$ cat model35.txt   # compact mmCIF, C-alpha atoms
# COMPACT_ATOMS: atom_id res chain seq x y z
CA MET A 1 -8.87 1.17 -22.52
CA PHE A 2 -9.13 -2.30 -21.11
CA GLY A 3 -5.86 -3.33 -22.68
CA TYR A 4 -4.19 -0.26 -21.32
CA TRP A 5 -5.30 -1.07 -17.82
CA THR A 6 -4.38 -4.72 -17.92
CA GLY A 7 -0.89 -4.02 -19.14
CA PHE A 8 -0.46 -1.16 -16.80
CA ASP A 9 -1.71 -2.64 -13.60
CA ARG A 10 -0.02 -5.95 -14.09
CA ASP A 11 3.16 -4.01 -14.13
CA ILE A 12 2.56 -2.03 -10.99
CA PHE A 13 0.77 -4.82 -9.19
CA ASP A 14 3.58 -7.22 -9.94
CA GLN A 15 5.74 -4.76 -8.13
CA PHE A 16 3.31 -4.75 -5.23
CA GLU A 17 3.25 -8.54 -5.23
CA ARG A 18 7.02 -8.71 -5.25
CA LEU A 19 7.17 -6.21 -2.43
CA ARG A 20 4.67 -8.20 -0.40
CA ARG A 21 6.61 -11.42 -0.92
CA GLU A 22 9.79 -9.69 0.08
CA LEU A 23 8.21 -8.22 3.18
CA ASP A 24 6.63 -11.53 4.14
CA GLY A 25 9.80 -13.45 3.49
CA THR A 26 12.19 -11.00 5.05
CA PHE A 27 10.25 -9.76 8.01
CA GLY A 28 6.94 -11.50 8.50
CA GLU A 29 7.54 -15.19 8.43
CA ARG A 30 11.02 -15.31 9.87
CA GLY A 31 10.00 -13.42 12.96
CA GLY A 32 12.15 -10.37 12.26
CA PRO A 33 11.11 -6.81 13.01
CA LEU A 34 7.83 -5.52 11.59
CA GLY A 35 7.03 -2.00 10.52
CA ILE A 36 5.89 -0.23 13.68
CA ARG A 37 2.61 0.85 12.07
CA SER A 38 2.02 -2.25 9.97
CA VAL A 39 -1.21 -4.14 10.57
CA ALA A 40 -2.32 -7.75 10.31
CA ALA A 41 -3.34 -9.03 6.88
CA GLY A 42 -7.03 -8.56 6.17
CA THR A 43 -7.38 -5.42 8.28
CA TYR A 44 -10.03 -3.02 7.04
CA PRO A 45 -9.38 -0.85 5.12
CA ALA A 46 -6.50 -2.18 3.03
CA ILE A 47 -3.97 0.44 1.98
CA ASN A 48 -1.54 0.75 -0.93
CA VAL A 49 1.09 3.44 -1.12
CA GLY A 50 2.95 4.34 -4.27
CA ALA A 51 5.54 7.02 -4.89
CA SER A 52 6.61 8.91 -7.95
CA SER A 53 9.04 11.83 -8.18
CA ARG A 54 6.39 14.55 -7.80
CA GLN A 55 3.85 12.95 -5.48
CA VAL A 56 2.94 10.12 -3.16
CA ASP A 57 -0.33 8.29 -3.81
CA VAL A 58 -2.22 6.52 -1.06
CA TYR A 59 -5.11 4.22 -1.92
CA VAL A 60 -7.45 3.28 0.88
CA PHE A 61 -9.75 0.40 -0.10
CA ALA A 62 -12.72 1.41 2.02
CA ALA A 63 -15.86 0.10 0.35
CA GLY A 64 -19.26 1.15 1.56
CA VAL A 65 -18.27 4.20 3.56
CA ALA A 66 -20.26 7.42 3.37
CA PRO A 67 -17.71 9.93 1.99
CA GLY A 68 -18.76 12.41 4.67
CA SER A 69 -17.71 10.08 7.47
CA LEU A 70 -14.10 9.91 6.24
CA ASP A 71 -11.56 11.96 8.08
CA ILE A 72 -8.08 12.54 6.71
CA SER A 73 -5.30 14.35 8.51
CA MET A 74 -1.60 14.91 7.93
CA GLN A 75 0.98 15.59 10.59
CA GLN A 76 4.40 16.03 9.03
CA ASN A 77 4.72 12.83 7.05
CA LEU A 78 2.14 10.82 8.97
CA LEU A 79 -1.17 10.35 7.23
CA THR A 80 -4.15 9.31 9.33
CA VAL A 81 -7.37 8.09 7.77
CA SER A 82 -10.35 7.35 9.94
CA GLY A 83 -14.01 6.72 9.38
CA GLU A 84 -16.91 4.59 10.25
CA ARG A 85 -19.06 2.16 8.42
CA SER A 86 -22.19 0.32 9.15
CA THR A 87 -23.09 -3.08 7.75
CA ALA A 88 -26.44 -3.33 9.51
CA ILE A 89 -28.92 -5.87 8.23
CA PRO A 90 -32.70 -5.51 8.43
CA GLU A 91 -34.22 -6.43 11.71
CA GLY A 92 -35.54 -9.96 11.85
CA ALA A 93 -33.36 -11.16 8.96
CA GLN A 94 -31.52 -14.43 9.34
CA ALA A 95 -27.78 -13.81 8.91
CA TYR A 96 -25.62 -16.55 7.42
CA ARG A 97 -22.38 -14.70 6.94
CA ARG A 98 -21.05 -11.52 8.49
CA GLU A 99 -17.57 -11.25 7.04
CA ARG A 100 -17.49 -7.55 6.35
CA PHE A 101 -15.95 -5.06 8.71
CA GLU A 102 -18.31 -3.00 10.83
CA GLY A 103 -17.59 -0.05 13.10
CA SER A 104 -15.03 2.70 13.19
CA PHE A 105 -11.53 2.38 11.83
CA LYS A 106 -8.31 4.35 11.88
CA ARG A 107 -5.12 3.74 10.01
CA VAL A 108 -1.84 5.61 10.14
CA VAL A 109 0.69 5.45 7.33
CA THR A 110 4.23 6.78 7.34
CA LEU A 111 4.96 8.56 4.07
CA PRO A 112 8.37 9.56 2.75
CA ASP A 113 9.99 12.47 4.64
CA ASP A 114 9.81 14.96 1.79
CA VAL A 115 6.02 15.16 1.44
CA ASP A 116 4.34 18.54 1.77
CA PRO A 117 1.58 18.29 4.40
CA ASP A 118 -0.08 21.41 2.96
CA LYS A 119 -0.60 19.93 -0.48
CA VAL A 120 -2.97 17.05 0.03
CA ASP A 121 -5.87 16.10 -2.23
CA ALA A 122 -8.39 13.38 -1.60
CA ALA A 123 -11.11 11.84 -3.73
CA TYR A 124 -13.44 8.96 -2.96
CA ARG A 125 -14.69 6.92 -5.90
CA ASP A 126 -16.14 3.42 -6.16
CA GLY A 127 -15.11 2.65 -2.60
CA VAL A 128 -11.48 3.69 -2.96
CA LEU A 129 -10.16 6.79 -1.22
CA HIS A 130 -7.29 8.18 -3.23
CA VAL A 131 -5.09 10.62 -1.32
CA THR A 132 -2.43 12.48 -3.29
CA VAL A 133 0.33 14.25 -1.37
CA GLN A 134 2.76 16.44 -3.31
CA ARG A 135 6.46 16.18 -2.57
CA LYS A 136 8.44 19.27 -1.71
CA GLU A 137 9.76 21.06 -4.78
CA GLU A 138 13.29 21.63 -3.58
CA LEU A 139 13.83 17.93 -3.14
CA GLN A 140 12.71 16.91 -6.59
CA PRO A 141 15.42 15.73 -8.92
CA ARG A 142 16.74 18.56 -11.06
CA ARG A 143 18.64 18.29 -14.24
CA ILE A 144 22.01 19.95 -14.04
CA GLU A 145 23.41 21.26 -17.21
CA VAL A 146 27.05 20.62 -17.98
CA LYS A 147 28.71 23.66 -19.45
CA MET B 1 2.75 -23.38 -39.63
CA THR B 2 -0.10 -21.00 -39.15
CA ASP B 3 -2.03 -23.69 -37.31
CA LYS B 4 0.81 -24.40 -34.98
CA LYS B 5 1.15 -20.77 -34.18
CA SER B 6 -2.51 -20.36 -33.31
CA VAL B 7 -2.44 -23.43 -31.06
CA LYS B 8 0.51 -22.04 -29.21
CA SER B 9 -1.17 -18.70 -28.61
CA THR B 10 -4.31 -20.41 -27.29
CA GLU B 11 -2.21 -22.38 -24.87
CA SER B 12 -0.40 -19.37 -23.55
CA SER B 13 -3.59 -17.37 -23.17
CA GLN B 14 -5.10 -20.31 -21.30
CA VAL B 15 -2.15 -20.38 -18.95
CA GLN B 16 -2.47 -16.65 -18.55
CA ARG B 17 -6.15 -17.00 -17.75
CA GLU B 18 -5.45 -19.67 -15.16
CA THR B 19 -2.80 -17.54 -13.55
CA GLU B 20 -5.19 -14.63 -13.41
CA GLN B 21 -7.88 -16.82 -11.91
CA ARG B 22 -5.57 -17.91 -9.16
CA ARG B 23 -4.75 -14.33 -8.41
CA ALA B 24 -8.27 -13.14 -7.76
CA LEU B 25 -9.20 -11.75 -4.36
CA ARG B 26 -12.06 -13.31 -2.45
CA PRO B 27 -14.23 -10.38 -1.38
CA PRO B 28 -15.77 -10.51 2.10
CA VAL B 29 -19.55 -10.89 2.07
CA ASP B 30 -22.57 -10.60 4.32
CA ILE B 31 -25.48 -12.89 3.50
CA TYR B 32 -28.88 -12.72 5.08
CA GLU B 33 -32.32 -14.11 4.45
CA GLU B 34 -35.71 -12.52 4.77
CA ALA B 35 -39.15 -13.88 4.01
CA GLU B 36 -39.11 -12.91 0.30
CA ALA B 37 -35.43 -12.91 -0.61
CA ILE B 38 -31.81 -13.63 0.21
CA THR B 39 -29.41 -10.69 0.06
CA ILE B 40 -25.67 -10.85 -0.60
CA ARG B 41 -23.51 -7.82 0.13
CA ALA B 42 -19.91 -7.81 -1.03
CA ASP B 43 -17.03 -5.37 -0.69
CA LEU B 44 -15.52 -4.67 -4.09
CA PRO B 45 -13.57 -1.44 -3.66
CA GLY B 46 -12.39 0.06 -6.95
CA VAL B 47 -14.95 -1.76 -9.08
CA SER B 48 -17.28 0.48 -11.07
CA ARG B 49 -20.61 -0.70 -12.43
CA ASP B 50 -19.25 -1.45 -15.91
CA ARG B 51 -16.41 -3.59 -14.56
CA LEU B 52 -18.68 -5.81 -12.53
CA GLU B 53 -20.02 -9.11 -13.80
CA VAL B 54 -22.59 -11.22 -12.05
CA HIS B 55 -23.43 -14.44 -13.84
CA VAL B 56 -25.61 -17.41 -13.13
CA ASP B 57 -24.70 -20.74 -14.69
CA GLY B 58 -27.13 -23.43 -13.63
CA ASP B 59 -27.17 -23.18 -9.87
CA ASN B 60 -23.86 -21.37 -9.72
CA LEU B 61 -23.73 -17.66 -9.04
CA THR B 62 -20.43 -15.93 -9.70
CA ILE B 63 -19.45 -12.38 -8.86
CA GLU B 64 -16.47 -11.01 -10.74
CA GLY B 65 -15.04 -7.54 -10.81
CA GLU B 66 -11.97 -5.69 -11.91
CA ALA B 67 -10.75 -2.71 -9.91
CA ALA B 68 -9.72 0.33 -11.91
CA ILE B 69 -7.31 2.57 -10.06
CA ASP B 70 -5.73 5.77 -11.36
CA MET B 71 -2.00 5.56 -11.01
CA PRO B 72 0.77 7.84 -12.22
CA GLU B 73 2.84 5.99 -14.77
CA GLU B 74 6.23 6.01 -13.08
CA MET B 75 4.83 5.02 -9.70
CA GLU B 76 6.81 2.71 -7.46
CA ALA B 77 5.15 0.63 -4.76
CA LEU B 78 6.17 1.59 -1.24
CA TYR B 79 3.65 -0.46 0.68
CA ALA B 80 0.82 -2.73 -0.41
CA ASP B 81 -1.97 -4.61 1.32
CA VAL B 82 -3.70 -5.26 -2.01
CA ASN B 83 -1.72 -6.76 -4.84
CA VAL B 84 -4.41 -8.12 -7.14
CA THR B 85 -7.00 -6.03 -8.97
CA ARG B 86 -9.48 -8.81 -9.66
CA TYR B 87 -12.18 -10.09 -7.34
CA ARG B 88 -14.06 -13.35 -7.66
CA ARG B 89 -16.43 -15.37 -5.54
CA SER B 90 -19.02 -18.04 -6.31
CA PHE B 91 -22.06 -19.35 -4.52
CA THR B 92 -24.39 -22.27 -5.07
CA LEU B 93 -28.00 -21.24 -5.41
CA SER B 94 -30.84 -23.26 -4.08
CA LYS B 95 -33.90 -24.12 -6.14
CA GLU B 96 -36.38 -21.79 -4.50
CA LEU B 97 -34.48 -18.73 -5.72
CA GLU B 98 -35.49 -17.12 -8.98
CA ALA B 99 -32.26 -16.68 -10.90
CA GLU B 100 -33.93 -14.55 -13.60
CA LYS B 101 -35.03 -12.01 -11.06
CA ILE B 102 -31.74 -11.34 -9.32
CA SER B 103 -31.09 -7.63 -9.06
CA ALA B 104 -27.74 -5.95 -8.46
CA GLU B 105 -26.85 -2.56 -7.12
CA MET B 106 -23.40 -1.04 -6.84
CA LYS B 107 -22.65 1.88 -4.55
CA ASN B 108 -19.31 3.10 -3.20
CA GLY B 109 -17.66 -0.20 -4.07
CA GLU B 110 -20.32 -2.15 -2.23
CA LEU B 111 -22.37 -4.65 -4.18
CA THR B 112 -25.88 -5.60 -3.09
CA LEU B 113 -27.43 -8.63 -4.77
CA ARG B 114 -31.03 -9.45 -4.10
CA LEU B 115 -32.11 -13.01 -4.85
CA PRO B 116 -35.89 -13.22 -4.66
CA LYS B 117 -37.61 -16.46 -3.74
CA ARG B 118 -40.32 -17.97 -5.89
CA ALA B 119 -43.75 -16.85 -4.82
CA GLU B 120 -44.87 -20.40 -4.09
CA VAL B 121 -42.12 -21.00 -1.54
CA GLN B 122 -42.55 -17.79 0.40
CA PRO B 123 -43.73 -18.56 3.88
CA ARG B 124 -47.43 -18.26 4.40
CA LYS B 125 -49.04 -17.82 7.68
CA ILE B 126 -51.40 -20.64 8.33
CA ALA B 127 -54.47 -19.64 10.16
CA ILE B 128 -55.52 -22.00 12.85
CA SER B 129 -59.20 -22.26 13.12
CA ALA B 130 -60.52 -22.67 16.52
CA GLY B 131 -62.03 -26.07 16.88
$ encode --input "model35.txt" --output "structure tokens"
Amino acid sequence: MFGYWTGFDRDIFDQFERLRRELDGTFGERGGPLGIRSVAAGTYPAINVGASSRQVDVYVFAAGVAPGSLDISMQQNLLTVSGERSTAIPEGAQAYRRERFEGSFKRVVTLPDDVDPDKVDAAYRDGVLHVTVQRKEELQPRRIEVK
Amino acid sequence: MTDKKSVKSTESSQVQRETEQRRALRPPVDIYEEAEAITIRADLPGVSRDRLEVHVDGDNLTIEGEAAIDMPEEMEALYADVNVTRYRRSFTLSKELEAEKISAEMKNGELTLRLPKRAEVQPRKIAISAG
């Protein structure tokens, strides 16, 4: 199981890494145009989006959020995730570091045009919100038989 | 021949390990101190209890975790804020903390480490007798 994961995620995460480098190199550092809904590095929560032929997967890295406080909505191909989290420390405690995000957050992600806003599933596990949006059937690649 | 081969594989795995170490994320933490203990809270989204490692080596405390994320096999990345699945961060402990009594709790990708202080160093209120 461990081997499976290592091999698997190196593959996909290398792709992510390559994408990030490309985005940084092409748009970020040279002062070119940025994605209109892109956010500064380190913004809470971090988001990954991956696409396959049948669905689009969105991973929201939102640790320490009560699942009930998460709000997910879809408008056409715009996915909005909002929520709130508290990182309160006991009264009278001496704080040395407060690096973690506190308060309410909202992120909007543009998904591919062919997603079906009625077929959305979401699960929250170990601090990661996984939203799966199905793509519309008629746009999926179909094999055409040659007679 | 066999020896040479094994040396080579050790080298490459060492290189691999170093590369992986470089590519670990540094999780954000909150640290606070109370009378009896110091508490560390870290964000480790995607890390389940069995993929978390907290080890103490001398006065060095290291938190390590591997995020496990379900992904369809033919997935292509469209956008990514996170591109590494490993987290690592280390802290230096001070002597008044009892390393053997550190307790860890994992909930919703949030780690809480409690580092209790030795009983003899916990602050005591000193009564002032009226003179």
$ closest_residue --input "model35.txt" --among "B:Ala77, B:Val54, B:Ala24, B:Ile128" --to "chain A" --atoms "all atoms listed in the file"
B:Ala77
$ residues_around --input "model35.txt" --residues "range 68-70 of chain B" --least-positions-apart "4" --cutoff "8 Å" --atoms "all atoms listed in the file" --output "PyMOL selection string"
(chain A and resi 5) or (chain B and resi 46-48+85)
$ closest_atom_pairs --input "model35.txt" --of "chain A" --to "chain B" --cutoff "7 Å" --atoms "all atoms listed in the file" --output "JSON lines"
{"residue": "A:Phe13", "atom": "CA", "partner": "B:Asn83", "partner_atom": "CA", "distance": 5.4}
{"residue": "A:Gln15", "atom": "CA", "partner": "B:Ala77", "partner_atom": "CA", "distance": 6.4}
{"residue": "A:Phe16", "atom": "CA", "partner": "B:Asn83", "partner_atom": "CA", "distance": 5.4}
{"residue": "A:Glu17", "atom": "CA", "partner": "B:Asn83", "partner_atom": "CA", "distance": 5.3}
{"residue": "A:Arg20", "atom": "CA", "partner": "B:Ala80", "partner_atom": "CA", "distance": 6.7}
{"residue": "A:Ala46", "atom": "CA", "partner": "B:Asp81", "partner_atom": "CA", "distance": 5.4}
{"residue": "A:Ile47", "atom": "CA", "partner": "B:Asp81", "partner_atom": "CA", "distance": 5.5}
{"residue": "A:Asn48", "atom": "CA", "partner": "B:Ala80", "partner_atom": "CA", "distance": 4.2}
{"residue": "A:Val49", "atom": "CA", "partner": "B:Tyr79", "partner_atom": "CA", "distance": 5.0}
{"residue": "A:Gly50", "atom": "CA", "partner": "B:Ala77", "partner_atom": "CA", "distance": 4.3}
{"residue": "A:Ala51", "atom": "CA", "partner": "B:Glu76", "partner_atom": "CA", "distance": 5.2}
{"residue": "A:Ser52", "atom": "CA", "partner": "B:Met75", "partner_atom": "CA", "distance": 4.6}
{"residue": "A:Phe61", "atom": "CA", "partner": "B:Pro45", "partner_atom": "CA", "distance": 5.5}
{"residue": "A:Ala62", "atom": "CA", "partner": "B:Pro45", "partner_atom": "CA", "distance": 6.4}
{"residue": "A:Ala63", "atom": "CA", "partner": "B:Gly109", "partner_atom": "CA", "distance": 4.8}
{"residue": "A:Gly64", "atom": "CA", "partner": "B:Glu110", "partner_atom": "CA", "distance": 5.1}
{"residue": "A:Val65", "atom": "CA", "partner": "B:Asn108", "partner_atom": "CA", "distance": 6.9}
{"residue": "A:Ala93", "atom": "CA", "partner": "B:Glu34", "partner_atom": "CA", "distance": 5.0}
{"residue": "A:Gln94", "atom": "CA", "partner": "B:Glu33", "partner_atom": "CA", "distance": 5.0}
{"residue": "A:Ala95", "atom": "CA", "partner": "B:Tyr32", "partner_atom": "CA", "distance": 4.1}
{"residue": "A:Tyr96", "atom": "CA", "partner": "B:Ile31", "partner_atom": "CA", "distance": 5.4}
{"residue": "A:Arg97", "atom": "CA", "partner": "B:Asp30", "partner_atom": "CA", "distance": 4.9}
{"residue": "A:Arg98", "atom": "CA", "partner": "B:Asp30", "partner_atom": "CA", "distance": 4.5}
{"residue": "A:Glu99", "atom": "CA", "partner": "B:Pro28", "partner_atom": "CA", "distance": 5.3}
{"residue": "A:Arg100", "atom": "CA", "partner": "B:Pro28", "partner_atom": "CA", "distance": 5.5}
{"residue": "A:Arg125", "atom": "CA", "partner": "B:Asn108", "partner_atom": "CA", "distance": 6.6}
{"residue": "A:Asp126", "atom": "CA", "partner": "B:Asn108", "partner_atom": "CA", "distance": 4.3}
{"residue": "A:Gly127", "atom": "CA", "partner": "B:Gly109", "partner_atom": "CA", "distance": 4.1}
{"residue": "A:Val128", "atom": "CA", "partner": "B:Gly46", "partner_atom": "CA", "distance": 5.5}
$ residues_around --input "model35.txt" --residues "Ser94 in chain B" --least-positions-apart "3" --cutoff "12 Å" --atoms "all atoms listed in the file" --output "list in words"
Ala37, Ile38, Val56, Gly58, Asp59, Asn60, Leu61, Phe91, Leu97, Glu98, Ala99, Leu115, Pro116, Lys117, Arg118 and Val121 of chain B
$ residues_around --input "model35.txt" --residues "Gln76 in chain A" --least-positions-apart "2" --cutoff "12 Å" --atoms "only C-alpha atoms" --output "list in words"
Ser73, Met74, Leu78, Leu79, Thr80, Val109, Thr110, Leu111, Pro112, Asp113, Asp114, Val115, Asp116, Pro117, Asp118, Lys119, Val120, Val133, Arg135 and Lys136 of chain A
$ write_last_selection --input "model35.txt" --atoms "C-alpha atoms" --output "PDB file, keeping the file's coordinate frame"
ATOM      1  CA  SER A  73      -5.300  14.350   8.510  1.00  0.00           C
ATOM      2  CA  MET A  74      -1.600  14.910   7.930  1.00  0.00           C
ATOM      3  CA  LEU A  78       2.140  10.820   8.970  1.00  0.00           C
ATOM      4  CA  LEU A  79      -1.170  10.350   7.230  1.00  0.00           C
ATOM      5  CA  THR A  80      -4.150   9.310   9.330  1.00  0.00           C
ATOM      6  CA  VAL A 109       0.690   5.450   7.330  1.00  0.00           C
ATOM      7  CA  THR A 110       4.230   6.780   7.340  1.00  0.00           C
ATOM      8  CA  LEU A 111       4.960   8.560   4.070  1.00  0.00           C
ATOM      9  CA  PRO A 112       8.370   9.560   2.750  1.00  0.00           C
ATOM     10  CA  ASP A 113       9.990  12.470   4.640  1.00  0.00           C
ATOM     11  CA  ASP A 114       9.810  14.960   1.790  1.00  0.00           C
ATOM     12  CA  VAL A 115       6.020  15.160   1.440  1.00  0.00           C
ATOM     13  CA  ASP A 116       4.340  18.540   1.770  1.00  0.00           C
ATOM     14  CA  PRO A 117       1.580  18.290   4.400  1.00  0.00           C
ATOM     15  CA  ASP A 118      -0.080  21.410   2.960  1.00  0.00           C
ATOM     16  CA  LYS A 119      -0.600  19.930  -0.480  1.00  0.00           C
ATOM     17  CA  VAL A 120      -2.970  17.050   0.030  1.00  0.00           C
ATOM     18  CA  VAL A 133       0.330  14.250  -1.370  1.00  0.00           C
ATOM     19  CA  ARG A 135       6.460  16.180  -2.570  1.00  0.00           C
ATOM     20  CA  LYS A 136       8.440  19.270  -1.710  1.00  0.00           C
TER      21      LYS A 136
END
$ atom_distance --input "model35.txt" --atom1 "CA of Ser82 in chain A" --atom2 "CA of Arg54 in chain A"
25.4 Å
$ atom_distance --input "model35.txt" --atom1 "CA of Val56 in chain A" --atom2 "CA of Val81 in chain A"
15.2 Å
$ atom_distance --input "model35.txt" --atom1 "CA of Leu52 in chain B" --atom2 "CA of Ala123 in chain A"
21.1 Å
$ closest_residue --input "model35.txt" --among "B:Glu120, B:Arg26, B:Glu36, B:Leu113" --to "Ser90 in chain B" --atoms "all atoms listed in the file"
B:Arg26
$ residues_around --input "model35.txt" --residues "Glu64 in chain B" --least-positions-apart "4" --cutoff "6 Å" --atoms "only C-alpha atoms" --output "ChimeraX atom specification"
/B:52-53,87-88
$ write_last_selection --input "model35.txt" --atoms "C-alpha atoms" --output "mmCIF file, in the coordinates of the input"
data_model
loop_
_atom_site.group_PDB
_atom_site.id
_atom_site.type_symbol
_atom_site.label_atom_id
_atom_site.label_comp_id
_atom_site.auth_asym_id
_atom_site.auth_seq_id
_atom_site.Cartn_x
_atom_site.Cartn_y
_atom_site.Cartn_z
ATOM 1 C CA LEU B 52 -18.680 -5.810 -12.530
ATOM 2 C CA GLU B 53 -20.020 -9.110 -13.800
ATOM 3 C CA TYR B 87 -12.180 -10.090 -7.340
ATOM 4 C CA ARG B 88 -14.060 -13.350 -7.660
#
$ decode --input "model35.txt" --residues "range 58-117 of chain A" --atoms "C-alpha atoms" --output "CSV table (one decimal), in the first residue's frame"
chain,number,residue,atom,x,y,z
A,58,VAL,CA,-10.9,19.4,-6.1
A,59,TYR,CA,-8.8,19.0,-2.9
A,60,VAL,CA,-9.1,21.7,-0.3
A,61,PHE,CA,-6.4,21.4,2.4
A,62,ALA,CA,-8.4,22.8,5.3
A,63,ALA,CA,-7.0,21.3,8.4
A,64,GLY,CA,-8.8,21.7,11.7
A,65,VAL,CA,-12.2,22.8,10.4
A,66,ALA,CA,-15.4,21.5,11.8
A,67,PRO,CA,-17.0,19.7,8.8
A,68,GLY,CA,-20.3,21.4,9.7
A,69,SER,CA,-18.9,24.8,9.2
A,70,LEU,CA,-17.9,24.1,5.6
A,71,ASP,CA,-20.0,25.5,2.8
A,72,ILE,CA,-19.7,24.4,-0.8
A,73,SER,CA,-21.6,25.9,-3.7
A,74,MET,CA,-21.5,25.5,-7.5
A,75,GLN,CA,-22.6,28.1,-9.9
A,76,GLN,CA,-22.1,26.9,-13.5
A,77,ASN,CA,-18.4,26.0,-13.4
A,78,LEU,CA,-17.5,28.1,-10.4
A,79,LEU,CA,-16.9,26.3,-7.2
A,80,THR,CA,-17.0,28.3,-4.0
A,81,VAL,CA,-15.8,26.8,-0.7
A,82,SER,CA,-16.1,28.8,2.5
A,83,GLY,CA,-15.8,28.0,6.1
A,84,GLU,CA,-14.5,29.2,9.4
A,85,ARG,CA,-11.9,28.0,11.8
A,86,SER,CA,-10.8,28.9,15.2
A,87,THR,CA,-7.3,28.5,16.5
A,88,ALA,CA,-8.0,29.9,20.0
A,89,ILE,CA,-5.5,29.1,22.7
A,90,PRO,CA,-6.4,28.8,26.4
A,91,GLU,CA,-6.8,32.1,28.3
A,92,GLY,CA,-3.7,33.1,30.1
A,93,ALA,CA,-1.4,30.9,28.0
A,94,GLN,CA,1.8,32.5,26.7
A,95,ALA,CA,1.9,32.3,22.9
A,96,TYR,CA,5.2,31.9,21.1
A,97,ARG,CA,4.0,31.3,17.6
A,98,ARG,CA,0.7,31.9,15.9
A,99,GLU,CA,1.4,30.8,12.3
A,100,ARG,CA,-1.9,29.1,11.6
A,101,PHE,CA,-4.8,30.7,9.8
A,102,GLU,CA,-7.7,31.9,12.0
A,103,GLY,CA,-11.1,33.2,11.0
A,104,SER,CA,-13.3,32.8,8.0
A,105,PHE,CA,-12.2,31.9,4.5
A,106,LYS,CA,-13.6,31.7,1.0
A,107,ARG,CA,-12.1,30.5,-2.1
A,108,VAL,CA,-13.4,30.4,-5.6
A,109,VAL,CA,-12.1,28.0,-8.3
A,110,THR,CA,-12.9,28.0,-12.0
A,111,LEU,CA,-13.4,24.5,-13.2
A,112,PRO,CA,-13.5,23.3,-16.8
A,113,ASP,CA,-16.7,24.4,-18.7
A,114,ASP,CA,-18.1,20.9,-19.1
A,115,VAL,CA,-18.7,20.1,-15.4
A,116,ASP,CA,-22.2,19.2,-14.2
A,117,PRO,CA,-23.1,21.5,-11.3
